[in-house]
$ cat model.cif   # mmCIF, C-alpha atoms
data_coords
loop_
_atom_site.group_PDB
_atom_site.id
_atom_site.type_symbol
_atom_site.label_atom_id
_atom_site.label_comp_id
_atom_site.auth_asym_id
_atom_site.auth_seq_id
_atom_site.Cartn_x
_atom_site.Cartn_y
_atom_site.Cartn_z
ATOM 1 C CA MET J 1 16.065 -15.791 47.791
ATOM 2 C CA LEU J 2 12.341 -16.492 48.175
ATOM 3 C CA VAL J 3 9.543 -14.000 48.755
ATOM 4 C CA THR J 4 7.040 -15.460 51.225
ATOM 5 C CA LEU J 5 3.430 -14.776 52.047
ATOM 6 C CA PRO J 6 3.004 -12.506 55.065
ATOM 7 C CA HIS J 7 1.010 -15.108 57.019
ATOM 8 C CA MET J 8 3.478 -17.922 56.411
ATOM 9 C CA SER J 9 6.642 -18.547 58.386
ATOM 10 C CA PRO J 10 9.875 -18.551 56.346
ATOM 11 C CA ARG J 11 10.462 -22.142 57.425
ATOM 12 C CA LYS J 12 7.202 -23.305 55.897
ATOM 13 C CA ALA J 13 7.572 -21.329 52.680
ATOM 14 C CA ARG J 14 11.261 -21.985 52.055
ATOM 15 C CA LEU J 15 12.415 -24.222 49.207
ATOM 16 C CA PRO J 16 15.131 -26.457 50.707
ATOM 17 C CA ASN J 17 18.273 -27.446 48.787
ATOM 18 C CA ARG J 18 18.136 -24.316 46.631
ATOM 19 C CA SER J 19 21.801 -24.379 45.748
ATOM 20 C CA CYS J 20 20.810 -23.426 42.194
ATOM 21 C CA ASP J 21 18.755 -20.478 40.926
ATOM 22 C CA PRO J 22 15.865 -20.917 38.455
ATOM 23 C CA ARG J 23 18.026 -19.722 35.549
ATOM 24 C CA ASP J 24 20.549 -22.494 36.300
ATOM 25 C CA TYR J 25 17.980 -25.024 35.091
ATOM 26 C CA LEU J 26 17.919 -23.531 31.593
ATOM 27 C CA GLU J 27 20.217 -24.875 28.910
ATOM 28 C CA VAL J 28 21.205 -21.241 28.279
ATOM 29 C CA PRO J 29 20.709 -19.390 31.607
ATOM 30 C CA GLU J 30 21.024 -15.963 29.947
ATOM 31 C CA ARG J 31 17.825 -16.709 27.980
ATOM 32 C CA PHE J 32 15.711 -16.994 31.127
ATOM 33 C CA GLY J 33 12.351 -15.381 30.439
ATOM 34 C CA CYS J 34 13.434 -14.367 26.923
ATOM 35 C CA ASP J 35 12.813 -17.474 24.838
ATOM 36 C CA ASP J 36 9.741 -19.641 25.370
ATOM 37 C CA THR J 37 11.350 -22.476 23.401
ATOM 38 C CA ALA J 38 14.303 -22.718 25.817
ATOM 39 C CA ARG J 39 14.839 -26.164 27.325
ATOM 40 C CA THR J 40 15.574 -27.044 30.929
ATOM 41 C CA VAL J 41 18.515 -29.163 32.061
ATOM 42 C CA PHE J 42 19.973 -30.309 35.338
ATOM 43 C CA PRO J 43 22.598 -27.850 36.560
ATOM 44 C CA THR J 44 26.267 -28.787 36.475
ATOM 45 C CA PRO J 45 27.349 -29.915 38.965
ATOM 46 C CA PRO J 46 24.008 -31.736 39.370
ATOM 47 C CA ASP J 47 22.713 -30.002 42.474
ATOM 48 C CA GLY J 48 19.088 -29.734 41.362
ATOM 49 C CA ASP J 49 16.053 -31.981 41.558
ATOM 50 C CA ASP J 50 13.047 -32.893 39.420
ATOM 51 C CA VAL J 51 10.455 -30.731 41.181
ATOM 52 C CA LEU J 52 12.599 -27.588 41.174
ATOM 53 C CA GLN J 53 13.333 -28.181 37.494
ATOM 54 C CA LYS J 54 9.599 -28.109 36.773
ATOM 55 C CA ILE J 55 9.078 -25.027 38.951
ATOM 56 C CA ALA J 56 11.953 -23.285 37.136
ATOM 57 C CA LEU J 57 10.275 -23.966 33.780
ATOM 58 C CA VAL J 58 6.958 -22.538 35.025
ATOM 59 C CA GLN J 59 8.698 -19.419 36.356
ATOM 60 C CA HIS J 60 10.610 -19.036 33.080
ATOM 61 C CA GLN J 61 7.412 -19.212 31.023
ATOM 62 C CA LEU J 62 5.586 -16.834 33.360
ATOM 63 C CA VAL J 63 8.394 -14.280 33.105
ATOM 64 C CA PHE J 64 8.307 -14.668 29.315
ATOM 65 C CA VAL J 65 4.613 -13.723 29.353
ATOM 66 C CA LEU J 66 5.107 -10.816 31.751
ATOM 67 C CA THR J 67 7.977 -9.253 29.848
ATOM 68 C CA ARG J 68 5.865 -9.234 26.697
ATOM 69 C CA THR J 69 3.108 -7.263 28.395
ATOM 70 C CA PRO J 70 4.591 -3.735 28.201
ATOM 71 C CA ASN J 71 3.628 -1.724 31.267
ATOM 72 C CA SER J 72 6.040 0.717 32.870
ATOM 73 C CA GLU J 73 3.906 0.758 36.011
ATOM 74 C CA THR J 74 3.859 -3.022 36.522
ATOM 75 C CA ALA J 75 6.777 -3.201 38.990
ATOM 76 C CA LYS J 76 5.444 -0.326 41.086
ATOM 77 C CA PHE J 77 1.907 -1.745 41.032
ATOM 78 C CA VAL J 78 2.828 -5.240 42.209
ATOM 79 C CA THR J 79 5.415 -4.172 44.770
ATOM 80 C CA ASP J 80 3.081 -1.588 46.320
ATOM 81 C CA LYS J 81 0.128 -3.971 46.353
ATOM 82 C CA PHE J 82 1.914 -7.095 47.590
ATOM 83 C CA GLY J 83 4.519 -5.497 49.839
ATOM 84 C CA PHE J 84 7.904 -6.580 48.512
ATOM 85 C CA SER J 85 10.792 -4.626 47.014
ATOM 86 C CA THR J 86 11.408 -3.844 43.358
ATOM 87 C CA SER J 87 14.805 -5.544 43.691
ATOM 88 C CA GLN J 88 13.083 -8.808 44.718
ATOM 89 C CA TRP J 89 10.747 -8.482 41.730
ATOM 90 C CA SER J 90 13.700 -7.865 39.392
ATOM 91 C CA LEU J 91 15.670 -10.824 40.743
ATOM 92 C CA CYS J 92 12.706 -13.153 40.179
ATOM 93 C CA LEU J 93 12.188 -11.866 36.632
ATOM 94 C CA SER J 94 15.861 -12.443 35.845
ATOM 95 C CA GLY J 95 15.761 -15.989 37.237
ATOM 96 C CA LYS J 96 18.254 -15.146 39.984
ATOM 97 C CA ALA J 97 15.700 -15.786 42.740
ATOM 98 C CA TRP J 98 12.830 -18.209 43.195
ATOM 99 C CA MET J 99 9.301 -16.859 43.120
ATOM 100 C CA GLY J 100 7.440 -17.587 46.332
ATOM 101 C CA GLU J 101 3.677 -17.684 46.577
ATOM 102 C CA THR J 102 3.433 -13.915 47.031
ATOM 103 C CA VAL J 103 5.486 -13.056 43.950
ATOM 104 C CA LEU J 104 3.644 -15.646 41.876
ATOM 105 C CA ALA J 105 0.311 -14.198 42.984
ATOM 106 C CA ALA J 106 1.582 -10.730 42.050
ATOM 107 C CA ALA J 107 2.691 -11.919 38.618
ATOM 108 C CA VAL J 108 -0.635 -13.569 37.903
ATOM 109 C CA SER J 109 -2.552 -10.506 39.111
ATOM 110 C CA VAL J 110 -0.971 -8.589 36.230
ATOM 111 C CA LEU J 111 -2.576 -11.038 33.802
ATOM 112 C CA LEU J 112 -5.869 -11.860 35.541
ATOM 113 C CA ASN J 113 -8.216 -9.764 33.417
ATOM 114 C CA ARG J 114 -6.562 -10.338 30.063
ATOM 115 C CA ARG J 115 -7.768 -13.787 29.047
ATOM 116 C CA SER J 116 -10.182 -15.178 26.496
ATOM 117 C CA LEU J 117 -11.640 -18.643 25.802
ATOM 118 C CA ARG J 118 -10.465 -21.572 27.980
ATOM 119 C CA PRO J 119 -6.843 -22.561 28.659
ATOM 120 C CA ARG J 120 -7.256 -25.920 26.919
ATOM 121 C CA ASP J 121 -8.507 -24.173 23.763
ATOM 122 C CA TYR J 122 -4.970 -22.911 23.196
ATOM 123 C CA LEU J 123 -3.430 -26.389 23.035
ATOM 124 C CA SER J 124 -3.019 -28.227 19.756
ATOM 125 C CA GLU J 125 -4.498 -31.241 21.570
ATOM 126 C CA PRO J 126 -6.941 -29.827 24.167
ATOM 127 C CA ALA J 127 -7.661 -33.226 25.710
ATOM 128 C CA ARG J 128 -3.976 -33.518 26.663
ATOM 129 C CA PHE J 129 -4.027 -30.394 28.813
ATOM 130 C CA GLY J 130 -1.738 -30.863 31.801
ATOM 131 C CA ARG J 131 -0.784 -34.383 30.729
ATOM 132 C CA ASP J 132 1.933 -33.913 28.108
ATOM 133 C CA VAL J 133 4.373 -31.003 28.431
ATOM 134 C CA THR J 134 5.517 -31.462 24.817
ATOM 135 C CA ILE J 135 2.098 -30.492 23.434
ATOM 136 C CA GLY J 136 2.325 -27.124 21.678
ATOM 137 C CA THR J 137 -0.054 -24.181 21.725
ATOM 138 C CA VAL J 138 -2.120 -22.718 18.899
ATOM 139 C CA LEU J 139 -3.965 -19.438 18.446
ATOM 140 C CA PRO J 140 -7.643 -20.401 18.094
ATOM 141 C CA SER J 141 -10.349 -18.276 16.546
ATOM 142 C CA GLY J 142 -11.419 -15.672 19.090
ATOM 143 C CA GLY J 143 -8.228 -16.093 21.106
ATOM 144 C CA ASP J 144 -5.336 -13.729 21.776
ATOM 145 C CA VAL J 145 -1.587 -14.097 22.080
ATOM 146 C CA LEU J 146 -1.380 -13.155 25.754
ATOM 147 C CA SER J 147 -4.014 -15.713 26.756
ATOM 148 C CA GLN J 148 -2.155 -18.268 24.642
ATOM 149 C CA ARG J 149 1.004 -17.687 26.673
ATOM 150 C CA VAL J 150 -0.828 -17.753 30.007
ATOM 151 C CA ALA J 151 -2.508 -21.009 28.954
ATOM 152 C CA LEU J 152 0.933 -22.542 28.356
ATOM 153 C CA VAL J 153 2.038 -21.543 31.862
ATOM 154 C CA GLN J 154 -1.085 -23.104 33.405
ATOM 155 C CA HIS J 155 -0.663 -26.245 31.288
ATOM 156 C CA GLN J 156 2.934 -26.667 32.473
ATOM 157 C CA LEU J 157 1.995 -25.958 36.084
ATOM 158 C CA VAL J 158 -0.682 -28.665 36.022
ATOM 159 C CA PHE J 159 1.808 -31.043 34.416
ATOM 160 C CA ALA J 160 4.345 -30.254 37.144
ATOM 161 C CA MET J 161 1.789 -31.219 39.804
ATOM 162 C CA GLY J 162 1.346 -34.620 38.159
ATOM 163 C CA TYR J 163 -1.457 -36.414 36.312
ATOM 164 C CA PRO J 164 -3.836 -37.863 37.289
ATOM 165 C CA PRO J 165 -4.469 -35.517 40.228
ATOM 166 C CA ASP J 166 -4.425 -37.091 43.665
ATOM 167 C CA ARG J 167 -7.783 -37.003 45.465
ATOM 168 C CA GLY J 168 -6.147 -36.520 48.833
ATOM 169 C CA THR J 169 -4.263 -33.516 47.506
ATOM 170 C CA ALA J 170 -7.462 -32.016 46.120
ATOM 171 C CA THR J 171 -9.152 -32.403 49.499
ATOM 172 C CA ARG J 172 -6.256 -30.754 51.358
ATOM 173 C CA VAL J 173 -5.767 -27.777 49.067
ATOM 174 C CA THR J 174 -9.448 -27.013 48.542
ATOM 175 C CA ARG J 175 -10.004 -27.067 52.288
ATOM 176 C CA SER J 176 -6.906 -24.975 53.042
ATOM 177 C CA PHE J 177 -7.586 -22.375 50.368
ATOM 178 C CA HIS J 178 -11.403 -22.403 50.610
ATOM 179 C CA LEU J 179 -11.912 -23.604 47.037
ATOM 180 C CA SER J 180 -14.601 -25.865 45.700
ATOM 181 C CA LYS J 181 -13.387 -29.205 44.365
ATOM 182 C CA ARG J 182 -15.206 -28.410 41.132
ATOM 183 C CA GLN J 183 -13.248 -25.165 40.695
ATOM 184 C CA TRP J 184 -9.961 -26.985 41.369
ATOM 185 C CA ARG J 185 -10.850 -29.776 38.930
ATOM 186 C CA LEU J 186 -11.893 -27.363 36.155
ATOM 187 C CA CYS J 187 -8.573 -25.531 36.410
ATOM 188 C CA LEU J 188 -6.594 -28.788 36.273
ATOM 189 C CA LEU J 189 -8.525 -29.821 33.173
ATOM 190 C CA GLY J 190 -7.947 -26.470 31.482
ATOM 191 C CA GLU J 191 -11.665 -25.724 31.518
ATOM 192 C CA ALA J 192 -11.156 -22.630 33.699
ATOM 193 C CA TRP J 193 -8.386 -20.112 34.282
ATOM 194 C CA MET J 194 -6.412 -20.158 37.506
ATOM 195 C CA GLY J 195 -6.866 -17.033 39.585
ATOM 196 C CA LYS J 196 -4.611 -15.959 42.445
ATOM 197 C CA THR J 197 -6.135 -18.373 44.962
ATOM 198 C CA VAL J 198 -5.965 -21.449 42.740
ATOM 199 C CA LEU J 199 -2.443 -20.527 41.702
ATOM 200 C CA ALA J 200 -1.364 -20.244 45.342
ATOM 201 C CA ALA J 201 -2.898 -23.667 46.000
ATOM 202 C CA ALA J 202 -1.065 -25.164 43.010
ATOM 203 C CA VAL J 203 2.247 -23.710 44.137
ATOM 204 C CA LYS J 204 1.660 -25.111 47.636
ATOM 205 C CA VAL J 205 1.270 -28.579 46.074
ATOM 206 C CA LEU J 206 4.617 -28.183 44.302
ATOM 207 C CA LEU J 207 6.379 -26.880 47.395
ATOM 208 C CA ASP J 208 5.068 -29.791 49.467
ATOM 209 C CA ALA J 209 6.204 -32.220 46.767
ATOM 210 C CA GLU J 210 9.681 -30.667 46.775
ATOM 211 C CA ARG J 211 9.864 -31.071 50.551
ATOM 212 C CA GLY J 212 8.855 -34.708 50.144
ATOM 213 C CA HIS J 213 5.456 -34.382 51.857
#

$ encode --input "model.cif" --output "structure tokens"
Amino acid sequence: MLVTLPHMSPRKARLPNRSCDPRDYLEVPERFGCDDTARTVFPTPPDGDDVLQKIALVQHQLVFVLTRTPNSETAKFVTDKFGFSTSQWSLCLSGKAWMGETVLAAAVSVLLNRRSLRPRDYLSEPARFGRDVTIGTVLPSGGDVLSQRVALVQHQLVFAMGYPPDRGTATRVTRSFHLSKRQWRLCLLGEAWMGKTVLAAAVKVLLDAERGH
């Protein structure tokens, strides 16, 4: 299952070859969204691919952050605002469905105003932001735990897109999503936080990569 943006056709937004759910890429599927140290693996039988494995890890980390932000109104808020069902939201949080651009935007909207410092400040090696997925996070002076977790999600998302960033990709996504190249670059470097628009652009890059574009 994939929740799509209203203005996009299902054909454009669909992830092909989705014979496996996001949770199937975790070493222990039942720990999806529950353990931020969980490792990803290729499903058995090996029906997955590299890009979907990276997307599964990002979704897993994002769910981990969301489920540690207690808010009984969260599901109602995002489903009312973004126009999808609570069952779709629940399936994505459990790793039984892939998050589309709309659900990802909804998830990030929950966290948008709860960040401090810069994303790269939460990495043990800030200069390696988006370059090395094995780099761990730290809690810097003036930081907070929630921002630390969101920074890890952004770091892994940038890594999933690939480093160094492709100039042609930057031109396409900034034009399509009406972003400045400077804003895009700052987010990829961990100098700025991704908002809903930048996140949607990043997800589009991953979806295009999965389709082989």

$ atom_distance --input "model.cif" --atom1 "CA of Ala209 (chain J)" --atom2 "CA of Gly33 (chain J)"
24.2 Å

$ closest_residue --input "model.cif" --among "J:Ala105, J:Ser124, J:Asp24, J:Leu111" --to "Val198 (chain J)" --atoms "all atoms listed in the file"
J:Ala105

$ resolve_selection --input "model.cif" --expression "the PyMOL selection byres ((chain J and resi 184-189) around 8)" --output "list in words"
Arg120, Phe129, Gly130, Val158, Ala170, Thr174, Leu179, Ser180, Lys181, Arg182, Gln183, Gly190, Glu191, Ala192, Trp193, Met194 and Val198 of chain J

$ residues_around --input "model.cif" --residues "Val150 (chain J)" --least-positions-apart "3" --cutoff "8 Å" --atoms "only C-alpha atoms" --output "ChimeraX atom specification"
/J:62,65,111,119,146-147,153-154

$ closest_residue --input "model.cif" --among "J:Thr169, J:His155, J:Ser116, J:Leu123" --to "Gly143 (chain J)" --atoms "all atoms listed in the file"
J:Ser116

$ closest_residue --input "model.cif" --among "J:Asp80, J:Leu26, J:Cys34, J:Gln59" --to "Leu157 (chain J)" --atoms "all atoms listed in the file"
J:Gln59

$ residues_around --input "model.cif" --residues "Lys81 (chain J)" --least-positions-apart "5" --cutoff "10 Å" --atoms "only C-alpha atoms" --output "list in words"
Ala75, Lys76 and Ala106 of chain J

$ closest_residue --input "model.cif" --among "J:Gly83, J:Pro43, J:Gly136, J:Gly95" --to "Val58 (chain J)" --atoms "only C-alpha atoms"
J:Gly95

$ closest_residue --input "model.cif" --among "J:Ile135, J:Glu101, J:Ser19, J:Glu30" --to "Leu199 (chain J)" --atoms "all atoms listed in the file"
J:Glu101

$ atom_distance --input "model.cif" --atom1 "CA of Ala97 (chain J)" --atom2 "CA of Pro22 (chain J)"
6.7 Å

$ atom_distance --input "model.cif" --atom1 "CA of Ala151 (chain J)" --atom2 "CA of Val63 (chain J)"
13.5 Å

$ resolve_selection --input "model.cif" --expression "the PyMOL selection byres ((chain J and resi 99) around 10)" --output "PyMOL selection string"
chain J and resi 1-4+22+55-56+59+88-89+91-93+95-98+100-107+203

$ closest_residue --input "model.cif" --among "J:Ala127, J:Leu57, J:Val110, J:Val78" --to "Gly195 (chain J)" --atoms "only C-alpha atoms"
J:Val110

$ decode --input "model.cif" --residues "region 168-189 of chain J" --atoms "N, CA and C atoms" --output "JSON list (two decimals), in the first residue's frame"
[["chain", "number", "residue", "atom", "x", "y", "z"],
["J", 168, "GLY", "N", 22.61, 17.68, -11.70],
["J", 168, "GLY", "CA", 21.41, 17.58, -12.52],
["J", 168, "GLY", "C", 20.18, 17.32, -11.67],
["J", 169, "THR", "N", 20.35, 16.48, -10.64],
["J", 169, "THR", "CA", 19.25, 16.19, -9.74],
["J", 169, "THR", "C", 18.83, 17.45, -9.00],
["J", 170, "ALA", "N", 19.81, 18.20, -8.51],
["J", 170, "ALA", "CA", 19.51, 19.44, -7.79],
["J", 170, "ALA", "C", 18.72, 20.40, -8.67],
["J", 171, "THR", "N", 19.11, 20.51, -9.93],
["J", 171, "THR", "CA", 18.41, 21.41, -10.85],
["J", 171, "THR", "C", 16.96, 20.97, -11.04],
["J", 172, "ARG", "N", 16.76, 19.65, -11.23],
["J", 172, "ARG", "CA", 15.40, 19.14, -11.46],
["J", 172, "ARG", "C", 14.50, 19.33, -10.25],
["J", 173, "VAL", "N", 14.99, 18.95, -9.08],
["J", 173, "VAL", "CA", 14.10, 18.99, -7.91],
["J", 173, "VAL", "C", 13.84, 20.42, -7.44],
["J", 174, "THR", "N", 14.84, 21.28, -7.53],
["J", 174, "THR", "CA", 14.62, 22.66, -7.09],
["J", 174, "THR", "C", 13.65, 23.37, -8.02],
["J", 175, "ARG", "N", 13.71, 23.03, -9.29],
["J", 175, "ARG", "CA", 12.78, 23.63, -10.26],
["J", 175, "ARG", "C", 11.37, 23.08, -10.05],
["J", 176, "SER", "N", 11.27, 21.75, -9.86],
["J", 176, "SER", "CA", 9.96, 21.12, -9.70],
["J", 176, "SER", "C", 9.26, 21.53, -8.42],
["J", 177, "PHE", "N", 10.03, 21.70, -7.35],
["J", 177, "PHE", "CA", 9.44, 21.99, -6.05],
["J", 177, "PHE", "C", 9.59, 23.46, -5.63],
["J", 178, "HIS", "N", 10.08, 24.28, -6.56],
["J", 178, "HIS", "CA", 10.22, 25.73, -6.31],
["J", 178, "HIS", "C", 11.09, 26.02, -5.09],
["J", 179, "LEU", "N", 12.24, 25.36, -5.05],
["J", 179, "LEU", "CA", 13.23, 25.56, -3.99],
["J", 179, "LEU", "C", 14.43, 26.30, -4.56],
["J", 180, "SER", "N", 15.14, 26.99, -3.70],
["J", 180, "SER", "CA", 16.40, 27.57, -4.15],
["J", 180, "SER", "C", 17.47, 26.48, -4.04],
["J", 181, "LYS", "N", 18.46, 26.54, -4.92],
["J", 181, "LYS", "CA", 19.55, 25.56, -4.85],
["J", 181, "LYS", "C", 20.31, 25.69, -3.53],
["J", 182, "ARG", "N", 20.37, 26.89, -3.02],
["J", 182, "ARG", "CA", 21.06, 27.11, -1.74],
["J", 182, "ARG", "C", 20.33, 26.38, -0.61],
["J", 183, "GLN", "N", 19.00, 26.48, -0.59],
["J", 183, "GLN", "CA", 18.21, 25.80, 0.43],
["J", 183, "GLN", "C", 18.39, 24.29, 0.35],
["J", 184, "TRP", "N", 18.36, 23.75, -0.87],
["J", 184, "TRP", "CA", 18.56, 22.32, -1.09],
["J", 184, "TRP", "C", 19.94, 21.89, -0.60],
["J", 185, "ARG", "N", 20.96, 22.68, -0.96],
["J", 185, "ARG", "CA", 22.34, 22.34, -0.60],
["J", 185, "ARG", "C", 22.53, 22.38, 0.92],
["J", 186, "LEU", "N", 21.96, 23.39, 1.58],
["J", 186, "LEU", "CA", 22.11, 23.51, 3.03],
["J", 186, "LEU", "C", 21.49, 22.31, 3.76],
["J", 187, "CYS", "N", 20.36, 21.84, 3.26],
["J", 187, "CYS", "CA", 19.72, 20.68, 3.87],
["J", 187, "CYS", "C", 20.56, 19.42, 3.67],
["J", 188, "LEU", "N", 21.14, 19.26, 2.49],
["J", 188, "LEU", "CA", 21.98, 18.09, 2.22],
["J", 188, "LEU", "C", 23.25, 18.09, 3.05],
["J", 189, "LEU", "N", 23.72, 19.27, 3.40],
["J", 189, "LEU", "CA", 24.93, 19.39, 4.22],
["J", 189, "LEU", "C", 24.63, 19.32, 5.71]]
